[in-house]
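Below is one structure; the comments refer to it alone.
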Amino acid sequence: MTRLILALVALFLLPVQAIAGGTVSSADPRASEAGMEMLRKGGSATDAAMAMMLALTVVEPQSSGIGGGGFLVHHDGKAGLIDTIDGRETAPSSATPTLFLDNAGNPMSFMQAVPGGRSVGVPGNVALMKMAHDKWGRLPWGELFGPAIRLARDGFTVSKPLSGRLLMLAQIWENGFPDAQKIYWIDGKPAPEGATIRNPELADFLETLAKDGPDAFYRDGAPAIIAAAANASRNKTQITAEDIASYRAKQRPAVCAPYRAYKICGMGPPSSGATTVLQILGMLERFDLKALGKDNPVSWHLIGEAMQLAYADRAKYLGDRDFVEVPVAGLIDPAYVRQRSKLISTQHVLGQYEAGTPPGAPERTTPPDKDMPGTTHFVAIDDDGDVVSMTSTVEGPFGSQLTAHGFFLNNELTDFDFIPEQDGAPVANRVQPGKRPLSSMSPTIVYDTQGKPVFAVGAAGGKTIIMQVAKAIIAHLDWGMDAQESIGQGLIYFNRDGLILEQGTALEAMRQPLEKLGHHITVRELGLKANAAERLSDDTWRGAADPRSIGVALTE
């Protein structure tokens with residue numbers, strides 16, 4: 001049986017699992033409390049996750065919100081099914097492959113393209129919320145909005161991460177974003193940590209959404225206001241109310257494959273998460289990482305090699321499957337993954353990490369790289385055993401910097417590749433009207449040999465998301481680390497020069513041994529943020545929040 005069957009039949013039946021109480025984990029304690037409030041009221045994991053998404057719109061506006069999009073992976077504890085929902089933003093009907101080229105036909109710089117309306121995609125999170133709630137919600141729609149409305153109306157304390165991002169963007173906001181300043185600046189300066197922010201405009205809009213449902217976002221007055229905000233700004237584009245009204249969230253098949261005795265399931269295209277995570281794990285499967293251990297530089301050498309080979313395939317082949325042919329089955333085909341793994345030696349670096357030719361691969365070229373870390377992840381498990389792993393984003397810090405109804409509009413279109421063609425071949429992730437940009441978001445659920453979900457994980461941080469998830473799975477399954485230790489374990493990443501070791505972690509000690517194997521090593525901070533939950537031996541769940549963040553996990 002090929003991994004194609006595992007990938008596209010991923011809606012397999014699993015045993016019914018009842019779980020006592022519930023667990024949530026998010027990147028902000030107020031969002032985690034919002035999720036737990038829903039569980040205490042008898043809500044489902046989906047109700048909890050959606051309440052967290054709404055609360056994060058208020059308290060973590062630099063990372064996510066209803067002005068952005070997300071991916072949701074759901075395990076149904078009663079039916080035993082796994083489903084995924086794609087709430088990724090779409091390019092407006094006016095978008096063309098040259099959207100991010102200047103008048104001379106050269107690609108704009110990333111920071112030229114981001115601020116303003118050109119980078120705004122049609123938001124998908126509210127449509128995702130509606131689809132998920134219709135399928136798996138227990139509480140009334142309006143109930144989910146209560147915590148977020150209170151936070152926006154009564155005020156919330158500015159966190160250290162929020163204050164840091166406000167300072168980082170201060171110079172940009174000084175030059176043309178008065179609506180954002182009105183909410184988040186105090187006495188002409190970015191609000192400091194500990195200050196209280198109230199957002200009555202957002203509270204009013206959330207109340208309208210709670211009462212009138214998604215039509216308040218996609219059909220009534222909001223589309224015109226969102227379009228006006230994007231088109232009246234500097235760097236404006238031509239997103240329309242009709243673009244917003246035509247948006248649809250999509251249910252898609254999960255992408256799954258085995259890793260050792262486990263089954264790993266995640267989000268398919270336009271996410272590159274599952275395919276790249278599964279490639280990394282598949283290439284490592286022939287090595288005994290458990291015996292090598294986390295303190296052995298050979299382990300990290302092998303992980304680094306598999307990572308760079310998998311990311312090379314990601315860059316060349318991944319995109320929105322509704323627009324381009326993506327060889328999902330070929331990328332995770334066992335024979336192809338074994339072929340790629342044979343390029344890896346325990347003794348030395350490969351040195352050149354080029355994309356392979358998976359079965360069914362079309363003619364493609366590899367575009368230049370760019371990245372801007374952002375995003376947030378949250379996990380919820382309810383008393384029926386439903387599990388939700390969801391990643392949500394507005395892309396970069398505060399997205400486009402534009403606000404509508406008090407929430408930030410994303411800059412998701414800059415996740416497209418700016419150059420539509422390279423070396424005479426089309427770029428898979430080029431801009432096209434109605435297309436969803438490629439994403440690294442990797443919400444993941446891990447199943448054991450009995451088909452029980454045992455680990456749910458995801459992360460924030462741009463393209464490092466994929467490696468954070470792969471590393472957490474390796475740490476949890478191979479090295480026996482609990483969920484908290486797994487996501488807190490230091491990360492290895494890469495750039496054009498070689499490997500990056502996360503500063504301030506035990507990985508710094510790997511520098512010299514890895515250099516002896518031929519790697520060029522840089523040590524620096526990576527800006528990571530993951531959340532997870534694990535099933536314990538008594539079938540209860542325990543959440544985990546990244547120690548690098550202010551996030552918390554709650555269990556009842």
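Going through the structure tokens in order, the chains are called A, B, and so on, while each chain numbers its residues from 1 and the ligands are numbered from 1 in the order shown.
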Give me the residues near Pro547 (chain A) as a PDB file with C-alpha atoms, in the first residue's frame, where near means some atom within 10 Å (using only C-alpha atoms) and where sequence neighbours in that chain fewer than 3 positions away do not count.
ATOM      1  CA  GLN A 484       6.565  20.311  27.181  1.00  0.00           C
ATOM      2  CA  GLU A 485      10.150  19.128  26.767  1.00  0.00           C
ATOM      3  CA  ILE A 487       8.456  21.738  22.058  1.00  0.00           C
ATOM      4  CA  GLY A 488      10.992  23.372  24.377  1.00  0.00           C
ATOM      5  CA  GLN A 489      13.915  21.408  22.914  1.00  0.00           C
ATOM      6  CA  LEU A 528       9.873  30.168  18.015  1.00  0.00           C
ATOM      7  CA  LYS A 529       6.458  29.476  19.538  1.00  0.00           C
ATOM      8  CA  ALA A 530       4.776  26.049  19.679  1.00  0.00           C
ATOM      9  CA  ASN A 531       1.831  24.470  21.493  1.00  0.00           C
ATOM     10  CA  ALA A 544       2.063  22.080  26.799  1.00  0.00           C
ATOM     11  CA  ILE A 550       3.806  33.564  27.478  1.00  0.00           C
ATOM     12  CA  GLY A 551       1.398  30.787  26.510  1.00  0.00           C
ATOM     13  CA  VAL A 552      -0.189  28.379  28.967  1.00  0.00           C
TER      14      VAL A 552
END
When you look at Ala49 (chain A) with a cut-off of 7 Å (counting only C-alpha atoms), what residues show up, excluding the ones that are within fewer than 2 positions of it in the same chain? I need them as an MDAnalysis selection string.
chainID A and resid 35 45:47 51:53 378:380 388
Go ahead and save the picked residues with N, CA and C atoms, as a compact mmCIF listing (two decimals), in the first residue's frame.
# COMPACT_ATOMS: atom_id res chain seq x y z
N GLY A 35 -10.81 29.28 25.86
CA GLY A 35 -11.09 27.92 25.44
C GLY A 35 -11.61 27.06 26.57
N ALA A 45 -14.31 20.51 21.60
CA ALA A 45 -12.97 20.99 21.30
C ALA A 45 -13.01 22.07 20.24
N THR A 46 -13.93 21.92 19.27
CA THR A 46 -14.06 22.95 18.24
C THR A 46 -14.55 24.26 18.83
N ASP A 47 -15.54 24.21 19.73
CA ASP A 47 -16.00 25.43 20.39
C ASP A 47 -14.84 26.11 21.13
N ALA A 51 -13.21 29.80 20.21
CA ALA A 51 -13.16 30.85 21.22
C ALA A 51 -11.74 31.36 21.42
N MET A 52 -10.76 30.45 21.33
CA MET A 52 -9.35 30.87 21.43
C MET A 52 -8.96 31.71 20.22
N MET A 53 -9.38 31.30 19.03
CA MET A 53 -9.07 32.08 17.83
C MET A 53 -9.61 33.50 17.95
N PHE A 378 -2.92 26.68 18.44
CA PHE A 378 -3.63 26.30 19.65
C PHE A 378 -4.21 24.90 19.49
N VAL A 379 -4.41 24.25 20.63
CA VAL A 379 -4.85 22.86 20.67
C VAL A 379 -6.00 22.77 21.67
N ALA A 380 -6.99 21.92 21.37
CA ALA A 380 -8.09 21.68 22.31
C ALA A 380 -8.51 20.21 22.24
N VAL A 388 -8.59 19.05 18.38
CA VAL A 388 -8.41 20.09 17.38
C VAL A 388 -6.99 20.62 17.47
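Distance annotation: of A:Ser537, A:Asn125, A:Ser44, A:Thr464, the residue with the minimal separation from Thr57 (chain A) is A:Asn125; atom set is only C-alpha atoms.
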If we count only C-alpha atoms and set the cut-off at 8 Å, which residues sit around Ala152 (chain A), ignoring sequence neighbours fewer than 3 positions away in its own chain? Please answer as a PDB file with C-alpha atoms, in the first residue's frame.
ATOM      1  CA  VAL A  58      -7.951  40.755  20.602  1.00  0.00           C
ATOM      2  CA  ALA A 148     -13.270  38.001  23.103  1.00  0.00           C
ATOM      3  CA  ILE A 149     -16.013  40.636  23.412  1.00  0.00           C
ATOM      4  CA  GLY A 155      -9.766  46.072  28.138  1.00  0.00           C
ATOM      5  CA  PHE A 156      -6.749  43.787  28.314  1.00  0.00           C
ATOM      6  CA  ILE A 197      -5.914  48.529  25.709  1.00  0.00           C
ATOM      7  CA  ARG A 198      -9.619  48.795  24.909  1.00  0.00           C
ATOM      8  CA  ASN A 199     -10.940  48.164  21.428  1.00  0.00           C
ATOM      9  CA  PRO A 200     -14.638  49.137  21.388  1.00  0.00           C
ATOM     10  CA  LEU A 202     -13.756  45.434  17.573  1.00  0.00           C
ATOM     11  CA  ALA A 203     -16.107  44.630  20.472  1.00  0.00           C
TER      12      ALA A 203
END
Please return as JSON, numbers by chain: the residues of region 259-313 of chain A that backbone DSSP assigns to strand (DSSP E or B).
{"A": [259, 262, 263, 264, 265, 266, 271]}
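Counting only C-alpha atoms, the residue from A:Asp220, A:Asp448, A:Glu37, A:Glu193 that sits nearest to Ile264 (chain A) is A:Asp448.
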Find the spatial neighbours of Val394 (chain A), counting only C-alpha atoms, within a cut-off of 7 Å - ignore same-chain residues fewer than 2 positions away - and output them as a ChimeraX atom specification.
/A:63-65,67-69,375,396,398-399,409-412
